[in-house]
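Participant: After the C-alpha cells below, expect a handful of questions from me.
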Amino acid sequence: MRKIFVCGNWKMNTDLEAALALAEGLKSASAEAADVEVGACPPFVYLKPVADALEGSDVVLGGQNMYFEPEGAFTGEISAKMLLDVGCTHVILGHSERRHKFGEPDGLINRKVKAALEAGLKVILCIGELLEEREAGRTEEVLRRQVTGCLDGVSADSMDSVVVAYEPVWAIGTGKTATPDQAQEAHEFVRALVAGMFDDGVAQKLRIQYGGSVKPENAFDLIGRKDVDGALVGGASLKSDAFAQIISEAVRATS
Ligand code: PGA
C-alpha cells in the first residue's frame, strides 16, 4: 500500500507571522490524519522557524528548489546540505514555474535530483504538459521526456526517495483541474514508464501526487483514483481550513 502524501507548496507567499500560523494549522490537521503523510514547502527564509514550530509533529518539511553544487560562488542559490541543516527532509524539483518562468531544462533538473538524493533529501519531482502540448496530443511524449530526462542515472534503490508530482501546467493556479480520469490516465502512464526504466516493484512503490488547483471540493475524487497517491497543493495550502479539509478528504479517500 502506498501511503497518501498531501504536501503544500507555499511558493513565494506568506510572511513570518502567516507561515507560523499555517504551521500550527498543519500540526493539528496532521495529528488527526495518521494514515496520510502531510508536508509543507515554505519559502527558504521561513524554513527554520516553521521547522521549529512543527517540532514534535509528523509534518515533513521541504524546500521549493535547490542547486546541485554542494557549496561555492553561486550567489542566490541554496544547497541540499543547507536544506537538511534547517530541518528539511524533502525538496521540490522541476516545478513548472521553475521550468517555464526560470527556464530550467530537464538536464539541470536531473543534476539537482541526483545531488538531492545523494545528500539524503527526498525529491518531489514535478512533471506536466502545457495546454498546447495536451491539445496537440503530445502529453505522453512530454511526460516521457521529463521522466526519463529527470531520472536519468538515478538508481532503483534511490527511487524509494522519489515522489513524482503530475501537474498539468494548464491546471496550476488556474482553477481548472484535470478530471479524475485525466489524472488517472497520466498517472498510469507515468507508472508504466517507471516500470520500464526500473522494474515493476519500483513502479508499484512510487507515489505519484496530482497537482493543479486541488481544493477540498475535488480532492476526494482525485485521490480516490487508483494511481493518484496524494496531492501537491499550491493556492489552497495557504488557507489552514482549506488545507485541513483536503487532508480529511484524503483520509476519507483511503478509508
Ligand atoms: P495550485 O498549485 O494548487 O495553486 O494550482 C499547485 C502547484 O503549483 O504545485
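Chains: A, B, ... in order of the C-alpha cells. Residues: from 1 per chain. Ligands: from 1, in order shown.
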Kindly provide, as a count of residues only, all nucleotide and amino acid residues lying within 6 Å of ligand 1, counting only C-alpha atoms and all ligand atoms.
Facilitator: 12
Participant: With stretch 86-100 of chain A as the partner and 12 Å as the cut-off, tabulate the residues of stretch 126-177 of chain A that qualify, each row holding the nearest pair of atoms and their distance in Å to one decimal, using only C-alpha atoms, sorted by chain and rising number, as JSON lines.
Facilitator:
{"residue": "A:Cys126", "atom": "CA", "partner": "A:His95", "partner_atom": "CA", "distance": 5.0}
{"residue": "A:Ile127", "atom": "CA", "partner": "A:Gly94", "partner_atom": "CA", "distance": 6.8}
{"residue": "A:Gly128", "atom": "CA", "partner": "A:Ser96", "partner_atom": "CA", "distance": 7.3}
{"residue": "A:Glu129", "atom": "CA", "partner": "A:Ser96", "partner_atom": "CA", "distance": 8.9}
{"residue": "A:Leu130", "atom": "CA", "partner": "A:Ser96", "partner_atom": "CA", "distance": 9.2}
{"residue": "A:Gln146", "atom": "CA", "partner": "A:Gly94", "partner_atom": "CA", "distance": 9.1}
{"residue": "A:Val147", "atom": "CA", "partner": "A:Gly94", "partner_atom": "CA", "distance": 10.6}
{"residue": "A:Gly149", "atom": "CA", "partner": "A:Gly94", "partner_atom": "CA", "distance": 11.1}
{"residue": "A:Cys150", "atom": "CA", "partner": "A:Gly94", "partner_atom": "CA", "distance": 8.3}
{"residue": "A:Leu151", "atom": "CA", "partner": "A:Gly94", "partner_atom": "CA", "distance": 11.2}
{"residue": "A:Ser161", "atom": "CA", "partner": "A:His90", "partner_atom": "CA", "distance": 9.0}
{"residue": "A:Val162", "atom": "CA", "partner": "A:His90", "partner_atom": "CA", "distance": 9.3}
{"residue": "A:Val163", "atom": "CA", "partner": "A:Ile92", "partner_atom": "CA", "distance": 9.3}
{"residue": "A:Val164", "atom": "CA", "partner": "A:Ile92", "partner_atom": "CA", "distance": 9.5}
{"residue": "A:Ala165", "atom": "CA", "partner": "A:His95", "partner_atom": "CA", "distance": 8.8}
{"residue": "A:Tyr166", "atom": "CA", "partner": "A:His95", "partner_atom": "CA", "distance": 9.8}
{"residue": "A:Glu167", "atom": "CA", "partner": "A:Ser96", "partner_atom": "CA", "distance": 7.8}
{"residue": "A:Pro168", "atom": "CA", "partner": "A:Ser96", "partner_atom": "CA", "distance": 8.6}
{"residue": "A:Val169", "atom": "CA", "partner": "A:Ser96", "partner_atom": "CA", "distance": 6.5}
{"residue": "A:Trp170", "atom": "CA", "partner": "A:Ser96", "partner_atom": "CA", "distance": 10.1}
{"residue": "A:Ala171", "atom": "CA", "partner": "A:Ser96", "partner_atom": "CA", "distance": 10.9}
{"residue": "A:Ile172", "atom": "CA", "partner": "A:Ser96", "partner_atom": "CA", "distance": 8.6}
{"residue": "A:Gly173", "atom": "CA", "partner": "A:Glu97", "partner_atom": "CA", "distance": 10.8}
Participant: Where does DSSP see helix (DSSP H, G or I) in stretch 103-226 of chain A, if you list the residues as a VMD selection string?
Facilitator: chain A and resid 106 to 119 131 to 135 139 to 150 157 to 161 169 to 171 180 to 197 200 to 205 216 to 223
Participant: For the strand (DSSP E) assignment from backbone DSSP, which residues of stretch 162-202 of chain A qualify? Please present them as a ChimeraX atom specification.
Facilitator: /A:162-166
Participant: With N, CA, C and O atoms retained, write the just-selected residues as an mmCIF file, in the first residue's frame.
Facilitator:
data_model
loop_
_atom_site.group_PDB
_atom_site.id
_atom_site.type_symbol
_atom_site.label_atom_id
_atom_site.label_comp_id
_atom_site.auth_asym_id
_atom_site.auth_seq_id
_atom_site.Cartn_x
_atom_site.Cartn_y
_atom_site.Cartn_z
ATOM 1 N N VAL A 162 12.015 9.056 -4.039
ATOM 2 C CA VAL A 162 11.452 9.949 -5.051
ATOM 3 C C VAL A 162 9.918 9.846 -5.037
ATOM 4 O O VAL A 162 9.358 8.756 -4.942
ATOM 5 N N VAL A 163 9.293 11.015 -5.083
ATOM 6 C CA VAL A 163 7.852 11.117 -5.292
ATOM 7 C C VAL A 163 7.702 11.897 -6.589
ATOM 8 O O VAL A 163 8.441 12.854 -6.811
ATOM 9 N N VAL A 164 6.793 11.496 -7.456
ATOM 10 C CA VAL A 164 6.558 12.285 -8.664
ATOM 11 C C VAL A 164 5.257 13.057 -8.468
ATOM 12 O O VAL A 164 4.297 12.528 -7.900
ATOM 13 N N ALA A 165 5.252 14.318 -8.881
ATOM 14 C CA ALA A 165 4.006 15.093 -8.855
ATOM 15 C C ALA A 165 3.621 15.400 -10.295
ATOM 16 O O ALA A 165 4.349 16.114 -10.992
ATOM 17 N N TYR A 166 2.500 14.837 -10.730
ATOM 18 C CA TYR A 166 1.993 15.158 -12.067
ATOM 19 C C TYR A 166 1.158 16.433 -11.952
ATOM 20 O O TYR A 166 0.114 16.442 -11.289
#
Participant: Give me, as a PDB file with C-alpha atoms, in the first residue's frame, all polymer residues having an atom no more than 10 Å from A:Leu61, counting only C-alpha atoms and skipping those fewer than 2 positions away in the same chain.
Facilitator:
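Contents of around_38.pdb, freshly written:
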ATOM      1  CA  CYS A   7       2.015  18.470   0.565  1.00  0.00           C
ATOM      2  CA  GLY A   8       1.590  22.236   0.460  1.00  0.00           C
ATOM      3  CA  VAL A  38       1.415  15.692   5.430  1.00  0.00           C
ATOM      4  CA  GLY A  39       4.087  18.120   4.265  1.00  0.00           C
ATOM      5  CA  ALA A  40       4.789  21.788   3.641  1.00  0.00           C
ATOM      6  CA  CYS A  41       7.256  23.639   1.459  1.00  0.00           C
ATOM      7  CA  PRO A  42       7.580  27.232   2.732  1.00  0.00           C
ATOM      8  CA  LEU A  47      12.035  27.046   6.762  1.00  0.00           C
ATOM      9  CA  LYS A  48      13.829  27.196  10.104  1.00  0.00           C
ATOM     10  CA  VAL A  50       8.494  26.625  10.519  1.00  0.00           C
ATOM     11  CA  ALA A  51      10.676  23.594  11.336  1.00  0.00           C
ATOM     12  CA  LEU A  54       6.491  21.807  13.643  1.00  0.00           C
ATOM     13  CA  ASP A  58       4.786  14.237  11.859  1.00  0.00           C
ATOM     14  CA  VAL A  59       4.617  17.017   9.286  1.00  0.00           C
ATOM     15  CA  GLY A  63      12.410  23.298   0.137  1.00  0.00           C
ATOM     16  CA  GLN A  64      10.894  24.531  -3.122  1.00  0.00           C
ATOM     17  CA  LEU A  83      18.044  22.424   3.382  1.00  0.00           C
ATOM     18  CA  LEU A  84      18.904  19.431   5.570  1.00  0.00           C
ATOM     19  CA  VAL A  86      17.358  23.702   8.697  1.00  0.00           C
ATOM     20  CA  GLY A  87      15.169  20.630   9.093  1.00  0.00           C
ATOM     21  CA  CYS A  88      14.061  19.733   5.573  1.00  0.00           C
ATOM     22  CA  THR A  89      13.610  16.126   4.541  1.00  0.00           C
ATOM     23  CA  HIS A  90      12.220  16.941   1.091  1.00  0.00           C
ATOM     24  CA  VAL A  91      12.769  19.233  -1.857  1.00  0.00           C
TER      25      VAL A  91
END
Participant: Which residue gives the smallest distance to A:Ala244 among A:Met1, A:Leu16, A:Val60, A:Leu26, with only C-alpha atoms counted?
Facilitator: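 Looking at the shortest contact to A:Ala244, the residue is A:Leu26.
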Participant: Which distance in Å separates atom CA of A:Ala253 and atom CA of A:Arg225, to one decimal?
Facilitator: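 Pair atom CA of A:Ala253 / atom CA of A:Arg225 returns 8.7 Å.
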Participant: Near A:Glu32, within 10 Å and counting only C-alpha atoms, which residues show up once chain neighbours fewer than 2 positions away are dropped, as a list in words?
Facilitator: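 Those residues are Lys27, Ser28, Ala29, Ser30, Ala34, Asp35, Val36, Ala244, Ile247, Ser248 and Val251 of chain A.
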Participant: Ranking A:Ala203, A:His187, A:Val6, A:Ser57 by minimum distance to A:Ala31 and counting only C-alpha atoms, which one comes first?
Facilitator: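 Answer, going by the shortest atom-to-atom distance: A:Ser57.
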Participant: Name all residues at most 10 Å from A:Glu217 (count only C-alpha atoms; drop same-chain ones fewer than 2 positions away) and give them as an mmCIF file with N, CA and C atoms, in the first residue's frame.
Facilitator:
data_model
loop_
_atom_site.group_PDB
_atom_site.id
_atom_site.type_symbol
_atom_site.label_atom_id
_atom_site.label_comp_id
_atom_site.auth_asym_id
_atom_site.auth_seq_id
_atom_site.Cartn_x
_atom_site.Cartn_y
_atom_site.Cartn_z
ATOM 1 N N VAL A 214 -5.935 21.788 -6.817
ATOM 2 C CA VAL A 214 -6.561 20.863 -5.866
ATOM 3 C C VAL A 214 -7.213 21.695 -4.768
ATOM 4 N N LYS A 215 -8.450 21.363 -4.445
ATOM 5 C CA LYS A 215 -9.178 22.057 -3.387
ATOM 6 C C LYS A 215 -10.060 21.049 -2.655
ATOM 7 N N ALA A 219 -10.659 17.081 -4.036
ATOM 8 C CA ALA A 219 -9.582 16.217 -3.515
ATOM 9 C C ALA A 219 -10.009 14.750 -3.408
ATOM 10 N N PHE A 220 -11.219 14.523 -2.928
ATOM 11 C CA PHE A 220 -11.671 13.142 -2.717
ATOM 12 C C PHE A 220 -11.704 12.371 -4.037
ATOM 13 N N ASP A 221 -12.282 12.973 -5.070
ATOM 14 C CA ASP A 221 -12.416 12.259 -6.345
ATOM 15 C C ASP A 221 -11.059 12.010 -6.995
ATOM 16 N N LEU A 222 -10.146 12.966 -6.844
ATOM 17 C CA LEU A 222 -8.817 12.781 -7.441
ATOM 18 C C LEU A 222 -8.031 11.715 -6.686
ATOM 19 N N ALA A 242 -8.863 25.252 4.409
ATOM 20 C CA ALA A 242 -8.980 24.519 3.143
ATOM 21 C C ALA A 242 -7.989 23.356 3.108
ATOM 22 N N GLN A 245 -9.090 20.570 5.269
ATOM 23 C CA GLN A 245 -10.197 19.840 4.625
ATOM 24 C C GLN A 245 -9.674 18.895 3.549
ATOM 25 N N ILE A 246 -8.660 19.346 2.813
ATOM 26 C CA ILE A 246 -8.058 18.469 1.788
ATOM 27 C C ILE A 246 -7.462 17.238 2.466
ATOM 28 N N GLU A 249 -10.230 14.962 3.372
ATOM 29 C CA GLU A 249 -10.739 14.291 2.167
ATOM 30 C C GLU A 249 -9.797 13.157 1.746
#
Participant: So the first atom is atom CA of A:Pro43 and the second is atom CA of A:Met12; what is the distance between them in Å, to one decimal place?
Facilitator: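 Taking atom CA of A:Pro43 and atom CA of A:Met12, their separation equals 6.1 Å.
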